[in-house]
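A.B. asks: Let me give you the structure first, and then I'll get to my questions.
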Amino acid sequence: MNEVLQERAVRVMVVEDSETQAFKLRLLLENEGFEVSTVANADLALEELNQCPPHLVMVDYYLPGMLGDELCRRIRMNLNTRGIPILMLTADEGGVAEAHGLESGADDYVCKSESSENLLVHIRALLRNPRQGVILSRLDSDFRRVRILAIDDSPTYLAFLTTELRNQGYEVEAEDSGSKGLHRLESQVFDCALVDLAMPDMDGIEVCRRIADKVQTLESPVAVIILTASAKDGDMTRGLEAGADDFVGKSSDLSVLRARIQALMRRRFFQEENRRIVEELKGKEMEMLRARTGQEAAEVRAAMAEKLMRANSELELTNQKLKETHSQLIQTEKMASLGQLVAGIAHEINNPLAFVMNNLFTIEQGMELIAPEAEPHLKETSQGKLRKMRVRLKEMKEGLDRVKELVLNLRTFSRLDEGEFKTIDVEESIDSVLLLLHHKMNGRIHVETHYGPERSLYCYGGRLNQVFMNLIGNAMDSIVGEGKIVIRTSQTDGFFLISIRDTGKGIPETIRSRIFDPFFTTKPVGKGTGLGLAISYGIVQDHHGSIEVRSKEGAGAEFIIRIPLDLESTKVLVPIEVESCR
């Protein structure tokens with residue numbers, strides 16, 4: 001019993017209109033242990049294929065009514081039979097007929113004049129178990145994208161072969177020795193290898209044998225076609241038994257070789273697809289059997305499993321909320337302390353600031369009154385000093401005005417007097433956030449602001465400030481080296497829009513759907529809690545608004561906030577939660 005036979009006999013269907021030829025094939029195959037059925041035409045073959053698909057179909061090319069190539073097409077179009085290997089038989093020995101037969105859907109092509117031994121070798125090669133892990137996703141129209149490695153020690157033929165195949169749209173690499181080619185096949189992924197039979201350092205049969213020995217370690221097993229100019233008796237048998245998938249003669253006409261490659265790729269695809277379908281059907285049959293034999297037990301287990309999953313889900317949700325609440329309490333306390341600190345600093349600065357500004361005003365007034373009277377009596381050097389004193393007083397006034405503006409921005413940011421909804425100036429709020437984050441720019445980040453004509457928004461100002469703080473801070477963190485942040489505001493379709501766009505590293509598509517999840521962060525340990533965007537999202541949701549993210553990895557990100565303009569009329573109440581988690 002040969003290697004293709006398993007515990008059950010392999011079934012072979014012979015489609016042959018010649019009774020004599022059909023009898024000879026039946027006798028040959030049954031002596032080898034195959035289970036053989038014969039039919040005289042294509043219509044009977046299609047009917048029997050639907051009832052009991054065999055493991056292999058042998059088709060005569062010249063059949064009455066429907067030719068063998070059309071029968072092959074019909075077999076390939078049927079989902080239940082498309083994975084069955086097909087061996088085409090004909091008395092013609094021309095390459096044109098061979099290419100036509102292979103293109104019709106046949107996996108191999110054998111002349112009837114060949115010996116019985118060669119015929120059996122072809123049959124065994126077709127019935128060889130497909131290598132595990134070979135998954136081809138190409139259809140016939142896409143086969144020309146197959147990646148091929150051509151191995152031949154003849155520079156002339158190798159150049160001809162690679163050029164012709166590349167002109168046909170194949171992706172072709174080349175090596176001039178068997179050892180180099182074997183190394184490429186072991187280290188890279190190829191769909192097909194074309195190997196010269198006669199090479200001085202390592203012939204094609206030895207290359208096939210070594211590939212077969214390493215098939216389990218290859219990243220993706222490769223199909224091998226041996227090329228020969230003049231095959232000796234037994235070369236084909238030894239090559240196919242060594243692991244080759246096909247044996248093709250060298251020729252200036254590559255139509256047969258292209259057809260062989262397509263047939264081989266198609267057969268591998270259908271074998272794998274058929275195996276997958278069979279495994280799925282077996283799995284479904286086992287499921288149905290288990291369902292019939294233990295339906296009540298399965299229902300009980302399913303009910304218990306559902307309750308357990310629900311309980312686990314509720315427990316996980318409760319635990320998640322507990323963690324969020326704990327982190328929110330910590331952050332709320334931090335922000336409350338920050339607000340008090342900011343308000344305290346502003347208050348403490350205000351007192352000496354008012355004292356200094358009042359005194360400065362008095363000095364300026366006195367200087368303006370005394371200078372005209374005293375200046376004519378002063379020497380030239382004293383007059384220069386007087387002019388410098390006026391310049392210094394002006395500079396002092398400008399510095400004090402900047403301190404005054406800083407205090408006002410600090411009070412705007414803290415908004416300790418805004419614990420409820422009210423109308424705010426969005427431009428003023430954003431500017432106050434930019435002032436507090438100015439130290440992070442460090443001269444490397446340029447901020448552009450484009451404010452719309454409408455600046456007022458009815459909202460919870462303190463919490464919306466925190467959204468600006470989180471998004472602008474994240475934008476600054478995403479920029480490595482120099483960059484730019486563009487902030488725009490506008491109103492459209494009943495919404496107030498705030499856009500914050502940066503030129504940073506962007507957000508990878510793989511994590512884009514998770515950036516608003518609590519505790520999810522891409523920052524190093526200790527640099528972020530993973531709650532900033534989650535809480536910002538919650539604040540905007542509580543305003544009945546939305547946050548849209550647009551990003552391309554390596555090309556920055558844009559966050560677009562939409563807040564309804566009718567919050568005052570709808571009287572929306574927003575719960576007080578965390579205001580920051582940066």
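Order determines the names: the first chain of the structure tokens is A, the second B, and so forth; residues in each chain are numbered 1 upward, and ligands are numbered 1 upward as they are shown.
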Taking only segment 234-458 of chain A into account, list the residues labelled strand (DSSP E or B) by DSSP (computed from the backbone), as a count of residues only.
C.D. replies: 17
A.B. asks: Please provide the set of residues having any atom within 8 Å of segment 194-208 of chain A, restricted to only C-alpha atoms, with same-chain residues fewer than 5 positions apart removed, written as a PDB file with N, CA and C atoms, in the first residue's frame.
C.D. replies:
ATOM      1  N   ILE A 148       8.201  34.270  -6.663  1.00  0.00           N
ATOM      2  CA  ILE A 148       8.911  33.110  -7.210  1.00  0.00           C
ATOM      3  C   ILE A 148      10.413  33.293  -7.024  1.00  0.00           C
ATOM      4  N   LEU A 149      11.105  32.193  -6.693  1.00  0.00           N
ATOM      5  CA  LEU A 149      12.567  32.165  -6.679  1.00  0.00           C
ATOM      6  C   LEU A 149      13.028  31.214  -7.777  1.00  0.00           C
ATOM      7  N   ALA A 150      13.773  31.731  -8.762  1.00  0.00           N
ATOM      8  CA  ALA A 150      14.308  30.916  -9.855  1.00  0.00           C
ATOM      9  C   ALA A 150      15.761  30.560  -9.531  1.00  0.00           C
ATOM     10  N   ILE A 151      16.091  29.245  -9.582  1.00  0.00           N
ATOM     11  CA  ILE A 151      17.443  28.760  -9.241  1.00  0.00           C
ATOM     12  C   ILE A 151      17.984  28.008 -10.452  1.00  0.00           C
ATOM     13  N   ASP A 152      19.031  28.539 -11.079  1.00  0.00           N
ATOM     14  CA  ASP A 152      19.592  27.907 -12.285  1.00  0.00           C
ATOM     15  C   ASP A 152      21.027  28.390 -12.436  1.00  0.00           C
ATOM     16  N   ASP A 153      21.948  27.466 -12.769  1.00  0.00           N
ATOM     17  CA  ASP A 153      23.348  27.848 -12.908  1.00  0.00           C
ATOM     18  C   ASP A 153      23.676  28.382 -14.300  1.00  0.00           C
ATOM     19  N   SER A 177      22.894  29.156  -7.885  1.00  0.00           N
ATOM     20  CA  SER A 177      23.356  27.856  -7.397  1.00  0.00           C
ATOM     21  C   SER A 177      22.325  27.274  -6.441  1.00  0.00           C
ATOM     22  N   GLY A 178      22.361  25.938  -6.296  1.00  0.00           N
ATOM     23  CA  GLY A 178      21.395  25.276  -5.426  1.00  0.00           C
ATOM     24  C   GLY A 178      21.576  25.635  -3.967  1.00  0.00           C
ATOM     25  N   SER A 179      22.822  25.760  -3.512  1.00  0.00           N
ATOM     26  CA  SER A 179      23.061  26.074  -2.094  1.00  0.00           C
ATOM     27  C   SER A 179      22.588  27.481  -1.758  1.00  0.00           C
ATOM     28  N   LEU A 182      18.782  27.419  -1.718  1.00  0.00           N
ATOM     29  CA  LEU A 182      18.251  26.783  -0.516  1.00  0.00           C
ATOM     30  C   LEU A 182      18.317  27.729   0.674  1.00  0.00           C
ATOM     31  N   VAL A 224       7.503  23.582  -5.135  1.00  0.00           N
ATOM     32  CA  VAL A 224       8.732  23.429  -5.911  1.00  0.00           C
ATOM     33  C   VAL A 224       8.419  22.800  -7.266  1.00  0.00           C
ATOM     34  N   ILE A 225       8.899  23.444  -8.338  1.00  0.00           N
ATOM     35  CA  ILE A 225       8.807  22.897  -9.699  1.00  0.00           C
ATOM     36  C   ILE A 225      10.230  22.689 -10.207  1.00  0.00           C
ATOM     37  N   ILE A 226      10.549  21.453 -10.621  1.00  0.00           N
ATOM     38  CA  ILE A 226      11.869  21.133 -11.158  1.00  0.00           C
ATOM     39  C   ILE A 226      11.865  21.394 -12.659  1.00  0.00           C
ATOM     40  N   LEU A 227      12.882  22.120 -13.147  1.00  0.00           N
ATOM     41  CA  LEU A 227      13.043  22.420 -14.572  1.00  0.00           C
ATOM     42  C   LEU A 227      14.182  21.572 -15.130  1.00  0.00           C
ATOM     43  N   THR A 228      13.983  21.011 -16.327  1.00  0.00           N
ATOM     44  CA  THR A 228      15.032  20.180 -16.917  1.00  0.00           C
ATOM     45  C   THR A 228      15.014  20.322 -18.428  1.00  0.00           C
ATOM     46  N   ARG A 238      12.085  10.256  -9.077  1.00  0.00           N
ATOM     47  CA  ARG A 238      12.894  10.628  -7.924  1.00  0.00           C
ATOM     48  C   ARG A 238      12.578  12.053  -7.457  1.00  0.00           C
ATOM     49  N   GLY A 239      12.340  12.953  -8.406  1.00  0.00           N
ATOM     50  CA  GLY A 239      12.042  14.327  -8.042  1.00  0.00           C
ATOM     51  C   GLY A 239      10.733  14.468  -7.289  1.00  0.00           C
ATOM     52  N   ALA A 242      10.992  13.011  -3.905  1.00  0.00           N
ATOM     53  CA  ALA A 242      11.817  13.831  -3.007  1.00  0.00           C
ATOM     54  C   ALA A 242      11.071  15.037  -2.458  1.00  0.00           C
ATOM     55  N   GLY A 243       9.886  15.313  -3.016  1.00  0.00           N
ATOM     56  CA  GLY A 243       9.096  16.422  -2.491  1.00  0.00           C
ATOM     57  C   GLY A 243       8.735  17.471  -3.509  1.00  0.00           C
ATOM     58  N   ALA A 244       9.182  17.307  -4.757  1.00  0.00           N
ATOM     59  CA  ALA A 244       8.822  18.281  -5.792  1.00  0.00           C
ATOM     60  C   ALA A 244       7.316  18.203  -6.053  1.00  0.00           C
TER      61      ALA A 244
END
A.B. asks: List the spatial neighbours of segment 537-544 of chain A as a list in words - criterion: any atom at most 7 Å away, only C-alpha atoms, same-chain residues fewer than 4 positions off excluded.
C.D. replies: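 Near neighbours after the sequence-gap exclusion: Arg463, Phe516, Leu533, Ile563, Pro564 and Val574 of chain A.
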A.B. asks: Mind checking which residues fall within 9 Å of Pro53 of chain A, counting only C-alpha atoms, ignoring those fewer than 6 positions away in the same chain, and posting them as a list in words?
C.D. replies: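 Answer for this query is Arg11, Met13, Asn80, Thr81 and Ile84 of chain A.
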A.B. asks: Of the residues A:Cys459, A:Met309, A:Glu48, A:Phe468, which is the one nearest to Ser569 of chain A, using only C-alpha atoms?
C.D. replies: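 Nearest to Ser569 of chain A: A:Cys459.
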A.B. asks: Go through A:Ile560, A:Leu457, A:Leu464, A:Ala534 and flag the residue nearest Val433 of chain A, using only C-alpha atoms for the distances.
C.D. replies: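 Closest to Val433 of chain A of all the choices is A:Leu464.
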A.B. asks: Excluding Phe495 of chain A and any residue of its chain fewer than 3 positions from it, enumerate the residues within 12 Å of it, using only C-alpha atoms, and give them as a ChimeraX atom specification.
C.D. replies: /A:454,456-458,489-492,498,543-546,560-567
A.B. asks: Quick one, how far is atom CA of Leu254 of chain A from atom CA of Arg166 of chain A?
C.D. replies: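 Answer for the atom CA of Leu254 of chain A to atom CA of Arg166 of chain A separation: 12.0 Å.
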A.B. asks: Need the shell around Arg76 of chain A: protein/DNA/RNA residues with any atom at most 8 Å away, counting only C-alpha atoms. Skip same-chain ones fewer than 6 positions apart. Format as a list in words?
C.D. replies: Arg82, Gly83 and Gly105 of chain A
A.B. asks: Measuring between only C-alpha atoms, which one of A:Gly506, A:Gly532, A:Pro155, A:Gly65 shows the shortest distance to Ala557 of chain A?
C.D. replies: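 Of all the options, A:Gly506 lies closest to Ala557 of chain A.
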A.B. asks: Find the residues near Ile507 of chain A: any atom within 8 Å, counting only C-alpha atoms, skip ones fewer than 2 places away on the same chain, and give them as a list of chain:residue names.
C.D. replies: A:Lys505, A:Glu509, A:Ile511, A:Arg512, A:Ser551, A:Lys552, A:Glu553, A:Gly554, A:Gly556, A:Ala557
A.B. asks: Choose the residue, out of A:Phe355, A:Phe559, A:Tyr109, A:Tyr62, that has the smallest atom-to-atom separation from Val486 of chain A; count only C-alpha atoms.
C.D. replies: A:Phe559
